[in-house]
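J.: This is the content of data.cif (mmCIF, N, CA and C atoms):
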data_final
#
loop_
_atom_site.label_atom_id
_atom_site.label_comp_id
_atom_site.auth_asym_id
_atom_site.auth_seq_id
_atom_site.Cartn_x
_atom_site.Cartn_y
_atom_site.Cartn_z
N MET N 25 15.92 -35.67 -36.04
CA MET N 25 14.75 -36.38 -35.58
C MET N 25 14.98 -36.96 -34.19
N LYS N 26 16.19 -37.52 -33.98
CA LYS N 26 16.49 -38.09 -32.67
C LYS N 26 16.45 -37.01 -31.59
N ARG N 27 16.93 -35.81 -31.91
CA ARG N 27 16.92 -34.71 -30.95
C ARG N 27 15.49 -34.32 -30.58
N ILE N 28 14.63 -34.28 -31.56
CA ILE N 28 13.23 -33.92 -31.30
C ILE N 28 12.59 -34.96 -30.39
N LEU N 29 12.84 -36.23 -30.68
CA LEU N 29 12.27 -37.30 -29.83
C LEU N 29 12.84 -37.25 -28.42
N THR N 30 14.13 -36.96 -28.31
CA THR N 30 14.76 -36.85 -26.99
C THR N 30 14.16 -35.69 -26.20
N ILE N 31 13.98 -34.56 -26.88
CA ILE N 31 13.39 -33.39 -26.21
C ILE N 31 11.96 -33.68 -25.79
N LEU N 32 11.17 -34.33 -26.66
CA LEU N 32 9.80 -34.69 -26.30
C LEU N 32 9.76 -35.65 -25.12
N ALA N 33 10.66 -36.62 -25.10
CA ALA N 33 10.72 -37.57 -23.99
C ALA N 33 11.06 -36.86 -22.68
N ALA N 34 12.00 -35.89 -22.77
CA ALA N 34 12.37 -35.14 -21.57
C ALA N 34 11.20 -34.30 -21.07
N ILE N 35 10.47 -33.67 -21.97
CA ILE N 35 9.31 -32.87 -21.57
C ILE N 35 8.25 -33.74 -20.93
N ILE N 36 7.97 -34.89 -21.50
CA ILE N 36 6.96 -35.80 -20.92
C ILE N 36 7.40 -36.26 -19.55
N CYS N 37 8.69 -36.58 -19.41
CA CYS N 37 9.21 -37.01 -18.10
C CYS N 37 9.06 -35.90 -17.07
N LEU N 38 9.42 -34.67 -17.44
CA LEU N 38 9.30 -33.55 -16.51
C LEU N 38 7.85 -33.31 -16.12
N CYS N 39 6.96 -33.39 -17.07
CA CYS N 39 5.53 -33.18 -16.77
C CYS N 39 5.00 -34.26 -15.84
N SER N 40 5.40 -35.51 -16.09
CA SER N 40 4.91 -36.58 -15.22
C SER N 40 5.51 -36.48 -13.82
N CYS N 41 6.78 -36.03 -13.73
CA CYS N 41 7.38 -35.83 -12.41
C CYS N 41 6.66 -34.73 -11.66
N GLU N 42 6.29 -33.66 -12.36
CA GLU N 42 5.58 -32.56 -11.73
C GLU N 42 4.22 -33.02 -11.23
N LYS N 43 3.52 -33.82 -12.00
CA LYS N 43 2.21 -34.30 -11.57
C LYS N 43 2.33 -35.24 -10.38
N GLN N 44 3.39 -36.06 -10.35
CA GLN N 44 3.59 -36.93 -9.20
C GLN N 44 3.84 -36.11 -7.95
N GLU N 45 4.60 -35.03 -8.07
CA GLU N 45 4.88 -34.17 -6.93
C GLU N 45 3.60 -33.56 -6.39
N GLN N 46 2.70 -33.14 -7.29
CA GLN N 46 1.45 -32.51 -6.87
C GLN N 46 0.50 -33.52 -6.26
N SER N 47 0.67 -34.81 -6.52
CA SER N 47 -0.25 -35.79 -5.97
C SER N 47 0.15 -36.25 -4.57
N HIS N 48 1.20 -35.70 -4.01
CA HIS N 48 1.60 -36.03 -2.64
C HIS N 48 0.46 -35.68 -1.69
N TRP N 49 0.27 -36.45 -0.65
CA TRP N 49 -0.84 -36.22 0.28
C TRP N 49 -0.73 -34.88 0.99
N LEU N 50 0.47 -34.36 1.15
CA LEU N 50 0.65 -33.06 1.79
C LEU N 50 0.91 -32.01 0.71
N TYR N 51 -0.14 -31.32 0.31
CA TYR N 51 -0.01 -30.29 -0.71
C TYR N 51 0.89 -29.17 -0.18
N ASN N 52 1.34 -28.32 -1.09
CA ASN N 52 2.29 -27.27 -0.73
C ASN N 52 1.68 -26.12 0.05
N VAL N 53 0.46 -25.68 -0.28
CA VAL N 53 -0.08 -24.45 0.29
C VAL N 53 -1.44 -24.71 0.95
N TRP N 54 -1.56 -24.23 2.21
CA TRP N 54 -2.78 -24.39 3.01
C TRP N 54 -3.08 -23.06 3.70
N SER N 55 -4.35 -22.80 3.99
CA SER N 55 -4.69 -21.60 4.75
C SER N 55 -6.00 -21.79 5.50
N GLY N 56 -6.19 -20.96 6.53
CA GLY N 56 -7.41 -21.02 7.31
C GLY N 56 -7.58 -19.81 8.20
N GLU N 57 -8.74 -19.73 8.84
CA GLU N 57 -9.07 -18.63 9.74
C GLU N 57 -9.57 -19.19 11.06
N TYR N 58 -9.42 -18.38 12.13
CA TYR N 58 -9.87 -18.78 13.45
C TYR N 58 -10.20 -17.54 14.26
N ASP N 59 -11.04 -17.71 15.27
CA ASP N 59 -11.45 -16.59 16.13
C ASP N 59 -10.39 -16.30 17.18
N ILE N 60 -10.11 -15.02 17.39
CA ILE N 60 -9.19 -14.60 18.44
C ILE N 60 -9.78 -13.40 19.17
N THR N 61 -9.26 -13.12 20.35
CA THR N 61 -9.64 -11.94 21.12
C THR N 61 -8.39 -11.10 21.32
N MET N 62 -8.52 -9.81 20.99
CA MET N 62 -7.39 -8.89 21.14
C MET N 62 -7.80 -7.74 22.05
N THR N 63 -6.82 -7.18 22.73
CA THR N 63 -7.07 -6.02 23.59
C THR N 63 -6.78 -4.75 22.80
N ASN N 64 -7.75 -3.84 22.79
CA ASN N 64 -7.60 -2.56 22.12
C ASN N 64 -6.62 -1.71 22.92
N ASN N 65 -5.56 -1.24 22.29
CA ASN N 65 -4.54 -0.44 22.99
C ASN N 65 -5.07 0.89 23.48
N ASP N 66 -6.05 1.46 22.79
CA ASP N 66 -6.60 2.76 23.19
C ASP N 66 -7.59 2.66 24.34
N THR N 67 -8.49 1.67 24.26
CA THR N 67 -9.57 1.58 25.25
C THR N 67 -9.32 0.53 26.32
N GLY N 68 -8.46 -0.45 26.03
CA GLY N 68 -8.22 -1.54 26.97
C GLY N 68 -9.29 -2.62 26.91
N GLU N 69 -10.27 -2.46 26.03
CA GLU N 69 -11.35 -3.45 25.92
C GLU N 69 -10.91 -4.62 25.05
N LYS N 70 -11.46 -5.78 25.36
CA LYS N 70 -11.19 -6.97 24.55
C LYS N 70 -12.16 -6.98 23.38
N GLU N 71 -11.60 -7.24 22.20
CA GLU N 71 -12.39 -7.22 20.98
C GLU N 71 -12.21 -8.51 20.20
N PRO N 72 -13.30 -9.02 19.60
CA PRO N 72 -13.17 -10.23 18.76
C PRO N 72 -12.58 -9.87 17.39
N HIS N 73 -11.71 -10.73 16.91
CA HIS N 73 -11.11 -10.57 15.59
C HIS N 73 -11.00 -11.95 14.95
N VAL N 74 -10.54 -11.96 13.72
CA VAL N 74 -10.33 -13.22 12.99
C VAL N 74 -8.84 -13.34 12.70
N GLY N 75 -8.23 -14.41 13.19
CA GLY N 75 -6.84 -14.70 12.89
C GLY N 75 -6.75 -15.46 11.58
N VAL N 76 -5.68 -15.24 10.85
CA VAL N 76 -5.45 -15.96 9.59
C VAL N 76 -4.08 -16.62 9.66
N ILE N 77 -3.99 -17.79 9.04
CA ILE N 77 -2.73 -18.52 9.02
C ILE N 77 -2.61 -19.23 7.68
N SER N 78 -1.38 -19.28 7.17
CA SER N 78 -1.13 -20.04 5.96
C SER N 78 0.17 -20.82 6.13
N LEU N 79 0.21 -21.99 5.52
CA LEU N 79 1.39 -22.85 5.52
C LEU N 79 1.82 -23.06 4.08
N GLU N 80 3.11 -22.89 3.83
CA GLU N 80 3.64 -23.17 2.49
C GLU N 80 4.83 -24.10 2.64
N PHE N 81 4.63 -25.35 2.24
CA PHE N 81 5.67 -26.37 2.35
C PHE N 81 6.59 -26.30 1.14
N SER N 82 7.87 -26.58 1.39
CA SER N 82 8.83 -26.66 0.30
C SER N 82 8.48 -27.88 -0.56
N ASP N 83 9.04 -27.94 -1.77
CA ASP N 83 8.72 -29.03 -2.68
C ASP N 83 9.08 -30.40 -2.09
N ASP N 84 10.16 -30.47 -1.30
CA ASP N 84 10.53 -31.75 -0.70
C ASP N 84 9.89 -31.97 0.67
N ARG N 85 9.05 -31.03 1.10
CA ARG N 85 8.30 -31.09 2.37
C ARG N 85 9.20 -31.11 3.60
N SER N 86 10.43 -30.63 3.48
CA SER N 86 11.34 -30.61 4.63
C SER N 86 11.23 -29.32 5.43
N GLU N 87 10.67 -28.27 4.82
CA GLU N 87 10.50 -26.99 5.49
C GLU N 87 9.10 -26.45 5.22
N CYS N 88 8.68 -25.55 6.11
CA CYS N 88 7.37 -24.93 5.96
C CYS N 88 7.44 -23.49 6.41
N VAL N 89 6.96 -22.59 5.57
CA VAL N 89 6.85 -21.18 5.93
C VAL N 89 5.46 -20.96 6.50
N VAL N 90 5.40 -20.48 7.73
CA VAL N 90 4.12 -20.20 8.39
C VAL N 90 3.95 -18.69 8.42
N GLN N 91 2.83 -18.23 7.88
CA GLN N 91 2.48 -16.82 7.93
C GLN N 91 1.21 -16.67 8.75
N GLY N 92 1.20 -15.72 9.64
CA GLY N 92 0.02 -15.50 10.48
C GLY N 92 -0.24 -14.03 10.67
N GLY N 93 -1.47 -13.72 10.98
CA GLY N 93 -1.83 -12.33 11.20
C GLY N 93 -3.28 -12.22 11.62
N VAL N 94 -3.79 -11.01 11.51
CA VAL N 94 -5.18 -10.73 11.84
C VAL N 94 -5.84 -10.22 10.58
N LYS N 95 -6.98 -10.79 10.25
CA LYS N 95 -7.70 -10.41 9.04
C LYS N 95 -7.98 -8.91 9.05
N ASP N 96 -7.79 -8.27 7.90
CA ASP N 96 -8.01 -6.83 7.71
C ASP N 96 -7.01 -5.96 8.46
N HIS N 97 -5.89 -6.52 8.89
CA HIS N 97 -4.80 -5.74 9.48
C HIS N 97 -3.57 -5.95 8.62
N TYR N 98 -2.64 -5.04 8.71
CA TYR N 98 -1.47 -5.10 7.82
C TYR N 98 -0.30 -5.89 8.39
N ALA N 99 -0.26 -6.12 9.68
CA ALA N 99 0.87 -6.82 10.28
C ALA N 99 0.76 -8.32 10.04
N VAL N 100 1.87 -8.90 9.60
CA VAL N 100 1.92 -10.34 9.34
C VAL N 100 3.24 -10.87 9.87
N THR N 101 3.20 -12.05 10.48
CA THR N 101 4.44 -12.71 10.88
C THR N 101 4.75 -13.79 9.85
N ARG N 102 6.01 -14.04 9.65
CA ARG N 102 6.43 -15.04 8.68
C ARG N 102 7.69 -15.70 9.21
N LYS N 103 7.65 -17.04 9.34
CA LYS N 103 8.80 -17.76 9.86
C LYS N 103 8.89 -19.13 9.20
N THR N 104 10.12 -19.58 8.96
CA THR N 104 10.35 -20.88 8.36
C THR N 104 10.66 -21.90 9.45
N TYR N 105 10.00 -23.05 9.37
CA TYR N 105 10.17 -24.14 10.34
C TYR N 105 10.62 -25.40 9.63
N LYS N 106 11.21 -26.30 10.38
CA LYS N 106 11.57 -27.62 9.90
C LYS N 106 10.32 -28.49 9.97
N ALA N 107 10.05 -29.25 8.92
CA ALA N 107 8.85 -30.10 8.87
C ALA N 107 9.23 -31.57 8.96
N TYR N 108 8.45 -32.31 9.73
CA TYR N 108 8.62 -33.76 9.86
C TYR N 108 7.29 -34.41 9.53
N LEU N 109 7.32 -35.42 8.66
CA LEU N 109 6.10 -36.05 8.18
C LEU N 109 6.01 -37.50 8.64
N ASN N 110 4.80 -37.92 8.97
CA ASN N 110 4.49 -39.32 9.20
C ASN N 110 3.60 -39.74 8.04
N GLU N 111 4.21 -40.42 7.08
CA GLU N 111 3.51 -40.79 5.84
C GLU N 111 2.32 -41.71 6.11
N ALA N 112 2.47 -42.67 7.03
CA ALA N 112 1.41 -43.64 7.27
C ALA N 112 0.16 -43.01 7.87
N GLU N 113 0.33 -42.08 8.80
CA GLU N 113 -0.81 -41.46 9.48
C GLU N 113 -1.22 -40.13 8.85
N LYS N 114 -0.46 -39.65 7.85
CA LYS N 114 -0.69 -38.36 7.21
C LYS N 114 -0.71 -37.22 8.23
N ILE N 115 0.35 -37.22 9.05
CA ILE N 115 0.52 -36.23 10.11
C ILE N 115 1.82 -35.48 9.84
N PHE N 116 1.86 -34.20 10.21
CA PHE N 116 3.10 -33.44 10.13
C PHE N 116 3.27 -32.64 11.41
N VAL N 117 4.53 -32.38 11.75
CA VAL N 117 4.86 -31.51 12.88
C VAL N 117 5.91 -30.51 12.41
N LEU N 118 5.89 -29.33 13.03
CA LEU N 118 6.85 -28.28 12.68
C LEU N 118 7.56 -27.83 13.94
N ASN N 119 8.88 -27.64 13.83
CA ASN N 119 9.64 -27.03 14.92
C ASN N 119 10.77 -26.19 14.32
N GLU N 120 11.62 -25.64 15.17
CA GLU N 120 12.62 -24.69 14.69
C GLU N 120 13.88 -25.33 14.14
N GLY N 121 14.04 -26.63 14.23
CA GLY N 121 15.21 -27.25 13.63
C GLY N 121 15.59 -28.56 14.26
N ASP N 122 16.73 -29.08 13.82
CA ASP N 122 17.17 -30.41 14.22
C ASP N 122 17.38 -30.56 15.72
N TYR N 123 17.79 -29.50 16.40
CA TYR N 123 18.11 -29.60 17.83
C TYR N 123 16.98 -29.08 18.71
N ASP N 124 15.81 -28.84 18.13
CA ASP N 124 14.65 -28.34 18.86
C ASP N 124 13.65 -29.47 19.02
N SER N 125 13.41 -29.90 20.24
CA SER N 125 12.48 -31.01 20.47
C SER N 125 11.04 -30.55 20.65
N ARG N 126 10.82 -29.24 20.72
CA ARG N 126 9.45 -28.73 20.87
C ARG N 126 8.66 -28.92 19.59
N ILE N 127 7.39 -29.23 19.73
CA ILE N 127 6.49 -29.28 18.59
C ILE N 127 5.67 -28.01 18.63
N LEU N 128 5.90 -27.13 17.66
CA LEU N 128 5.23 -25.83 17.67
C LEU N 128 3.92 -25.85 16.91
N TYR N 129 3.84 -26.62 15.86
CA TYR N 129 2.61 -26.81 15.08
C TYR N 129 2.50 -28.28 14.77
N TRP N 130 1.30 -28.81 14.78
CA TRP N 130 1.09 -30.19 14.36
C TRP N 130 -0.26 -30.27 13.67
N GLY N 131 -0.30 -31.10 12.64
CA GLY N 131 -1.51 -31.19 11.86
C GLY N 131 -1.72 -32.57 11.29
N GLN N 132 -2.97 -32.83 10.93
CA GLN N 132 -3.32 -34.10 10.31
C GLN N 132 -4.25 -33.83 9.14
N ILE N 133 -3.96 -34.49 8.03
CA ILE N 133 -4.78 -34.34 6.85
C ILE N 133 -6.08 -35.12 7.06
N THR N 134 -7.18 -34.47 6.74
CA THR N 134 -8.49 -35.13 6.78
C THR N 134 -8.94 -35.30 5.34
N SER N 135 -10.19 -35.59 5.14
CA SER N 135 -10.68 -35.83 3.78
C SER N 135 -11.03 -34.52 3.08
N GLY N 136 -11.11 -34.59 1.77
CA GLY N 136 -11.59 -33.47 0.98
C GLY N 136 -10.67 -32.27 0.94
N GLY N 137 -9.36 -32.47 0.96
CA GLY N 137 -8.43 -31.35 0.88
C GLY N 137 -8.44 -30.46 2.10
N LYS N 138 -8.62 -31.05 3.26
CA LYS N 138 -8.63 -30.28 4.50
C LYS N 138 -7.62 -30.85 5.48
N CYS N 139 -7.25 -30.01 6.43
CA CYS N 139 -6.24 -30.37 7.42
C CYS N 139 -6.64 -29.72 8.74
N ILE N 140 -6.43 -30.43 9.83
CA ILE N 140 -6.63 -29.86 11.15
C ILE N 140 -5.26 -29.49 11.70
N LEU N 141 -5.05 -28.20 11.97
CA LEU N 141 -3.78 -27.69 12.48
C LEU N 141 -3.96 -27.27 13.93
N ASN N 142 -3.00 -27.62 14.78
CA ASN N 142 -3.00 -27.23 16.19
C ASN N 142 -1.73 -26.48 16.52
N PHE N 143 -1.86 -25.45 17.36
CA PHE N 143 -0.70 -24.70 17.84
C PHE N 143 -1.14 -23.89 19.05
N TYR N 144 -0.16 -23.43 19.81
CA TYR N 144 -0.46 -22.60 20.98
C TYR N 144 -0.26 -21.14 20.63
N ARG N 145 -1.19 -20.33 21.07
CA ARG N 145 -1.09 -18.87 20.99
C ARG N 145 -1.10 -18.41 22.44
N GLY N 146 0.09 -18.13 22.97
CA GLY N 146 0.20 -17.90 24.40
C GLY N 146 -0.06 -19.21 25.12
N GLU N 147 -1.01 -19.20 26.04
CA GLU N 147 -1.38 -20.42 26.78
C GLU N 147 -2.55 -21.15 26.13
N GLU N 148 -3.16 -20.54 25.11
CA GLU N 148 -4.37 -21.09 24.51
C GLU N 148 -4.04 -22.01 23.34
N LEU N 149 -4.63 -23.21 23.36
CA LEU N 149 -4.48 -24.15 22.24
C LEU N 149 -5.45 -23.74 21.15
N ILE N 150 -4.93 -23.51 19.96
CA ILE N 150 -5.74 -23.11 18.81
C ILE N 150 -5.84 -24.31 17.87
N THR N 151 -7.05 -24.61 17.42
CA THR N 151 -7.28 -25.65 16.43
C THR N 151 -7.96 -24.99 15.24
N VAL N 152 -7.36 -25.14 14.06
CA VAL N 152 -7.84 -24.48 12.86
C VAL N 152 -8.03 -25.51 11.76
N GLU N 153 -9.12 -25.39 11.02
CA GLU N 153 -9.29 -26.21 9.84
C GLU N 153 -8.71 -25.45 8.65
N LEU N 154 -7.70 -26.04 8.01
CA LEU N 154 -7.07 -25.44 6.84
C LEU N 154 -7.62 -26.08 5.57
N VAL N 155 -7.63 -25.31 4.51
CA VAL N 155 -8.01 -25.84 3.20
C VAL N 155 -6.81 -25.74 2.28
N VAL N 156 -6.75 -26.66 1.36
CA VAL N 156 -5.62 -26.72 0.43
C VAL N 156 -5.84 -25.73 -0.71
N HIS N 157 -4.72 -25.20 -1.20
CA HIS N 157 -4.73 -24.35 -2.38
C HIS N 157 -3.91 -25.08 -3.43
N LYS N 158 -4.59 -25.77 -4.33
CA LYS N 158 -3.90 -26.55 -5.36
C LYS N 158 -3.38 -25.60 -6.43
N LEU N 159 -2.12 -25.76 -6.76
CA LEU N 159 -1.51 -24.95 -7.81
C LEU N 159 -1.70 -25.66 -9.13
N GLU N 160 -2.32 -25.01 -10.06
CA GLU N 160 -2.59 -25.62 -11.38
C GLU N 160 -1.47 -25.31 -12.34
#
Starting from the file, lay out its structure as structure tokens.
T.:
Amino acid sequence: MKRILTILAAIICLCSCEKQEQSHWLYNVWSGEYDITMTNNDTGEKEPHVGVISLEFSDDRSECVVQGGVKDHYAVTRKTYKAYLNEAEKIFVLNEGDYDSRILYWGQITSGGKCILNFYRGEELITVELVVHKLE
């Protein structure tokens, strides 16, 4: 009987810890789309396309995998960055590591499960509204 109660207590503790982790202001998975212009390699003409980006934060929010690409194309980039959080302002920044002072991505959580993400694509500053993907 004691073993059953101990196991039940452990399960309840694990479930409550998992729910606390999910209630963090910075959810694990975010994604969004933005307008981009690409040059057609065959014709040389500039064409409008839709860029896609997703962020997947580690459980401890110390790292973030950024995936980017062009909607309806097969090429995707994927890179892991170091994440720094400002809990009071609900802001995060991403860079390549401890000795990198550049801020490559920065974002702020807004209301309703949304985030404003900023980054440079070449010389152009891109601002994207991301939406959260809650894992059930």
J.: With only C-alpha atoms counted, which protein, DNA or RNA residues have an atom no more than 8 Å from (-8.5, -19.4, 15.9) in the file frame? Please answer as a list of chain:residue names.
T.: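 Residues with an atom at most 8 Å from (-8.5, -19.4, 15.9): N:Glu57, N:Tyr58, N:Asp59, N:Ile60, N:Val74, N:Gly75, N:Val76, N:Ile150, N:Thr151, N:Val152.
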J.: For segment 104-106 of chain N, find every residue with an atom within 7 Å (counting only C-alpha atoms), except residues of its own chain fewer than 2 positions away, and show them as a list in words.
T.: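 Within the cut-off, the hits are Ser86, Glu87, Cys88, Val89, Val90, Tyr108, Leu118, Asn119, Glu120 and Gly121 of chain N.
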J.: Give me the residues near Tyr144 of chain N as a ChimeraX atom specification, where near means some atom within 6.5 Å (using all atoms listed in the file) and where sequence neighbours in that chain fewer than 5 positions away do not count.
T.: /N:128-129,149-150
J.: For atom CA of Phe143 of chain N and atom CA of Phe116 of chain N, quote the distance in Å rounded to one decimal.
T.: 12.3 Å
J.: Which value, in Å to one decimal, gives the distance between atom N of Glu148 of chain N and atom C of Asp66 of chain N?
T.: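 Spanning atom N of Glu148 of chain N to atom C of Asp66 of chain N is a straight-line distance of 23.6 Å.
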J.: Give me, as a ChimeraX atom specification, all polymer residues having an atom no more than 9 Å from Glu71 of chain N, counting only C-alpha atoms and skipping those fewer than 4 positions away in the same chain.
T.: /N:60-64
J.: Could you pull out all residues of chain N with a DSSP call of strand (DSSP E) and give them as a PyMOL selection string?
T.: chain N and resi 53-63+70-81+87-94+100-110+115-119+129-133+138-145+148-156
J.: Just list as a PyMOL selection string whatever in chain N DSSP marks as helix (DSSP H, G or I).
T.: chain N and resi 26-46
J.: Just the number, please: distance in Å from atom CA of Ser135 of chain N to atom CA of Gln91 of chain N, one decimal.
T.: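 Separating atom CA of Ser135 of chain N from atom CA of Gln91 of chain N is a distance of 23.5 Å.
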J.: Nearest to Ser55 of chain N among N:Glu113, N:Asp96, N:Glu80, N:Glu147, with distances taken over only C-alpha atoms: which residue is it?
T.: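 Once distances to Ser55 of chain N are computed over only C-alpha atoms, the minimum belongs to N:Glu80.
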J.: Residue by residue, what does the PyMOL selection byres ((chain N and resi 101) around 7) grab here? Present the result as a PyMOL selection string.
T.: chain N and resi 90-93+99-100+102-103
